[in-house]
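Printed here is entry.cif (mmCIF, C-alpha atoms):
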```cif
data_query
loop_
_atom_site.label_atom_id
_atom_site.label_comp_id
_atom_site.auth_asym_id
_atom_site.auth_seq_id
_atom_site.Cartn_x
_atom_site.Cartn_y
_atom_site.Cartn_z
CA LYS A 8 79.49 117.39 184.53
CA PHE A 9 79.40 116.04 181.14
CA ASN A 10 81.85 113.42 179.97
CA TYR A 11 82.10 113.01 176.32
CA TYR A 12 84.39 110.41 174.79
CA ASN A 13 84.88 110.14 171.08
CA ASN A 14 86.32 106.85 170.08
CA VAL A 15 88.09 107.17 166.80
CA SER A 16 90.00 104.28 165.44
CA LEU A 17 92.71 104.73 162.90
CA THR A 18 93.79 101.98 160.60
CA GLN A 19 97.00 101.82 158.69
CA GLY A 20 96.75 101.79 154.89
CA THR A 21 98.57 102.69 151.77
CA ILE A 22 97.69 105.13 149.12
CA SER A 23 98.72 104.33 145.60
CA ASP A 24 100.27 107.17 143.69
CA LYS A 25 100.61 105.24 140.45
CA ILE A 26 98.81 106.89 137.63
CA SER A 27 98.24 104.96 134.47
CA ILE A 28 99.28 106.98 131.42
CA PRO A 29 98.75 105.31 128.08
CA ALA A 30 101.98 104.97 126.12
CA LEU A 31 102.19 106.80 122.87
CA ALA A 32 102.02 104.20 120.16
CA ARG A 33 104.79 104.54 117.61
CA GLU A 34 103.83 103.71 114.11
CA SER A 35 106.41 101.79 112.17
CA THR A 36 107.66 103.42 109.01
CA PRO A 37 107.63 101.49 105.75
CA GLN A 38 110.76 100.01 104.22
CA PRO A 39 112.83 102.63 102.37
CA VAL A 40 112.50 102.61 98.60
CA VAL A 41 115.80 101.94 96.83
CA LEU A 42 116.40 102.84 93.18
CA VAL A 43 118.87 100.52 91.39
CA SER A 44 120.72 101.71 88.29
CA ARG A 45 123.92 101.01 86.37
CA SER A 46 126.52 103.13 84.66
CA GLU A 47 126.18 103.71 80.94
CA LEU A 48 127.60 101.27 78.40
CA ARG A 49 128.84 103.02 75.26
CA GLN A 50 128.01 100.09 73.02
CA PRO A 51 126.47 96.62 73.37
CA VAL A 52 128.70 93.98 74.91
CA GLU A 53 130.40 91.63 72.44
CA ALA A 54 131.16 87.93 72.92
CA GLY A 55 134.30 87.41 75.01
CA GLN A 56 134.49 91.08 76.07
CA GLU A 57 135.43 92.08 79.62
CA PHE A 58 133.83 95.25 80.94
CA THR A 59 133.20 97.10 84.19
CA ILE A 60 129.93 98.63 85.33
CA THR A 61 129.02 100.57 88.44
CA VAL A 62 125.74 99.58 90.08
CA SER A 63 124.19 102.35 92.18
CA PHE A 64 121.74 101.98 95.06
CA GLN A 65 119.95 105.27 95.72
CA ASN A 66 118.14 105.35 99.08
CA LEU A 67 115.01 107.43 98.45
CA GLY A 68 113.89 107.14 102.09
CA ASN A 69 114.98 108.92 105.25
CA ALA A 70 116.05 105.84 107.24
CA ALA A 71 119.67 104.74 106.82
CA LEU A 72 120.33 101.34 105.25
CA LYS A 73 122.59 99.53 107.75
CA SER A 74 125.03 96.77 106.70
CA PRO A 75 123.71 96.47 103.12
CA VAL A 76 124.79 93.38 101.16
CA ALA A 77 124.32 93.30 97.37
CA THR A 78 124.10 89.96 95.57
CA PHE A 79 124.31 89.76 91.77
CA THR A 80 123.10 86.97 89.47
CA PRO A 81 124.18 87.34 85.83
CA SER A 82 122.20 85.82 82.95
CA ASP A 83 123.60 82.87 80.98
CA GLY A 84 125.75 84.97 78.63
CA LEU A 85 127.67 86.77 81.41
CA THR A 86 129.95 85.88 84.31
CA ILE A 87 131.27 87.95 87.22
CA ALA A 88 135.08 88.17 87.31
CA GLY A 89 136.73 87.47 90.64
CA GLY A 90 134.41 84.69 91.75
CA SER A 91 132.36 86.65 94.28
CA SER A 92 128.74 87.55 93.62
CA SER A 93 128.01 89.23 96.99
CA PHE A 94 129.42 92.54 98.19
CA LEU A 95 129.17 94.34 101.54
CA LEU A 96 128.57 98.08 101.14
CA ASP A 97 129.05 100.91 103.60
CA ASP A 98 125.86 102.14 105.30
CA ILE A 99 123.70 104.21 102.94
CA GLY A 100 122.16 107.20 104.69
CA GLY A 101 118.76 108.65 103.89
CA LYS A 102 118.70 110.32 100.47
CA LYS A 103 122.24 108.99 99.79
CA THR A 104 123.69 106.57 97.23
CA GLY A 105 125.99 103.55 97.58
CA THR A 106 127.82 101.90 94.68
CA VAL A 107 129.48 98.62 93.67
CA ARG A 108 131.91 98.29 90.75
CA LEU A 109 131.53 94.97 88.98
CA LYS A 110 133.89 93.45 86.46
CA LEU A 111 131.94 91.23 84.06
CA LYS A 112 132.89 89.05 81.13
CA ALA A 113 130.68 88.05 78.23
CA ASN A 114 130.86 84.37 77.37
CA ALA A 115 132.38 83.22 74.07
CA THR A 116 128.84 82.64 72.85
CA ILE A 117 126.03 85.11 73.51
CA ALA A 118 122.78 83.51 72.37
CA SER A 119 120.52 86.50 73.08
CA PRO A 120 120.95 90.28 72.98
CA ALA A 121 118.76 90.49 76.09
CA GLN A 122 121.35 89.89 78.81
CA SER A 123 120.67 90.97 82.38
CA LEU A 124 122.05 91.18 85.88
CA GLY A 125 119.77 90.19 88.76
CA VAL A 126 120.29 92.37 91.84
CA GLU A 127 119.22 91.73 95.42
CA LEU A 128 120.01 94.14 98.26
CA LYS A 129 119.50 93.05 101.87
CA PHE A 130 119.84 95.63 104.63
CA ASN A 131 118.67 96.63 108.10
CA TYR A 132 116.83 99.85 108.86
CA TYR A 133 115.21 101.44 111.91
CA ASN A 134 111.44 101.55 111.38
CA ASN A 135 110.66 103.82 114.40
CA VAL A 136 110.09 100.74 116.57
CA SER A 137 113.06 98.43 116.06
CA LEU A 138 115.84 97.46 113.69
CA THR A 139 114.20 95.53 110.84
CA GLN A 140 115.54 93.66 107.82
CA GLY A 141 114.55 94.83 104.35
CA THR A 142 115.15 93.44 100.87
CA ILE A 143 114.82 94.81 97.36
CA SER A 144 115.19 92.90 94.10
CA ASP A 145 115.66 94.26 90.61
CA LYS A 146 117.01 93.30 87.21
CA ILE A 147 119.41 95.44 85.20
CA SER A 148 119.51 95.03 81.44
CA ILE A 149 122.88 94.59 79.71
CA PRO A 150 122.65 95.08 75.93
CA ALA A 151 124.75 92.57 73.99
CA LEU A 152 125.51 91.52 70.43
CA ALA A 153 124.21 88.00 70.01
CA ARG A 154 126.93 86.14 68.15
CA GLU A 155 129.91 83.93 68.70
CA SER A 156 133.38 85.30 69.08
CA THR A 157 135.68 84.64 66.16
CA PRO A 158 137.94 81.70 66.98
CA GLN A 159 141.68 82.01 66.55
CA PRO A 160 142.73 80.95 63.04
CA VAL A 161 144.29 77.54 62.68
CA VAL A 162 147.84 77.68 61.30
CA LEU A 163 149.46 74.63 59.74
CA VAL A 164 153.22 74.50 59.78
#
```

Would you mind writing the file's structure down as structure tokens?
Amino acid sequence: KFNYYNNVSLTQGTISDKISIPALARESTPQPVVLVSRSELRQPVEAGQEFTITVSFQNLGNAALKSPVATFTPSDGLTIAGGSSSFLLDDIGGKKTGTVRLKLKANATIASPAQSLGVELKFNYYNNVSLTQGTISDKISIPALARESTPQPVVLV
């Protein structure tokens, strides 16, 4: 008779089923380009004149501009009527345009025909990774007649 014993020992273990898959890296997209323009003025602004212009912000990119805020800084010969120089716009979608109507007044004395309106637009946009803040700055020219307004005549009674 032949006795054959096979001693096999089993040990308890774990098998890992985690497979490492590299994440696809998302490249961030650049800040959208915004074109700033103003409505046409029929003639140069005269001293003391009040006038309204529309400033347009054309989003040339595909990403929407979220919560855009426009801030305007007039040159020395101009003031913004109403006291506020910052304006909240509605979101501006990709390839869309947002506008702000501004009421301006020329000062009684305009020393230079080269008047301007500084423009800054701050906004948020999704850059394929996260919501990011963007800013654009520009300067809009406002043609003016450089001269003083005629004062009211003095009347002696």

Pull out every residue that the PyMOL selection byres ((chain A and resi 39-54) around 7) matches in the shown coordinates and put them as a list in words. Pro37, Gln38, Gly55, Gln56, Ile60, Thr61, Val62, Ser63, Phe64, Gln65, Asn66, Leu67, Gly68, Ala70, Ala113, Asn114, Ala115, Thr116, Ile117, Pro150, Ala151, Leu152, Arg154, Glu155 and Ser156 of chain A

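Distance-wise, atom CA of A:Asp145 and atom CA of A:Phe79 end up 9.8 Å apart.
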
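One distance worth recording is that between atom CA of A:Ser123 and atom CA of A:Asn69, which is 29.6 Å.
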
Leaving out A:Thr142 and any residue of its chain fewer than 6 positions from it, which residues lie within 12 Å of it when counting only C-alpha atoms, given as a PyMOL selection string? chain A and resi 38-41+72-78+126-132

Check the smallest atom-to-atom distance from each of A:Leu138, A:Ala71, A:Ala88, A:Val161 to A:Lys102 using all atoms listed in the file, then report the winner. A:Ala71

Report the distance between atom CA of A:Lys146 and atom CA of A:Ser35 in Å, rounded to one decimal place. 28.4 Å

The PyMOL selection byres ((chain A and resi 83) around 9) applied to the shown file, residues as a CSV table (one decimal) with C-alpha atoms, in the coordinates of the input:
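Resulting contents of result09.csv:
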```
chain,number,residue,atom,x,y,z
A,81,PRO,CA,124.2,87.3,85.8
A,82,SER,CA,122.2,85.8,83.0
A,84,GLY,CA,125.8,85.0,78.6
A,85,LEU,CA,127.7,86.8,81.4
A,86,THR,CA,130.0,85.9,84.3
A,114,ASN,CA,130.9,84.4,77.4
A,117,ILE,CA,126.0,85.1,73.5
A,118,ALA,CA,122.8,83.5,72.4
A,122,GLN,CA,121.4,89.9,78.8
A,123,SER,CA,120.7,91.0,82.4
```

Using all atoms of stretch 36-48 of chain A that appear in the file, construct an axis-aligned enclosing box with 8 Å of padding on every side and provide its centre coordinates and edge lengths in Å, rounded to one decimal, as AutoDock Vina command-line options.
```
--center_x 117.6 --center_y 101.9 --center_z 93.7 --size_x 36.0 --size_y 19.7 --size_z 46.6
```

For A:Thr36: contacts at 9 Å, all atoms listed in the file, fewer than 4 positions along chain excluded, given as an mmCIF file with C-alpha atoms, keeping the file's coordinate frame:
```
data_model
loop_
_atom_site.group_PDB
_atom_site.id
_atom_site.type_symbol
_atom_site.label_atom_id
_atom_site.label_comp_id
_atom_site.auth_asym_id
_atom_site.auth_seq_id
_atom_site.Cartn_x
_atom_site.Cartn_y
_atom_site.Cartn_z
ATOM 1 C CA ALA A 70 116.050 105.840 107.240
ATOM 2 C CA TYR A 133 115.210 101.440 111.910
ATOM 3 C CA ASN A 134 111.440 101.550 111.380
ATOM 4 C CA ASN A 135 110.660 103.820 114.400
ATOM 5 C CA VAL A 136 110.090 100.740 116.570
#
```

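Evaluating the PyMOL selection byres ((chain A and resi 57) around 6) against the shown model yields A:Gln56, A:Phe58, A:Leu111, A:Lys112.
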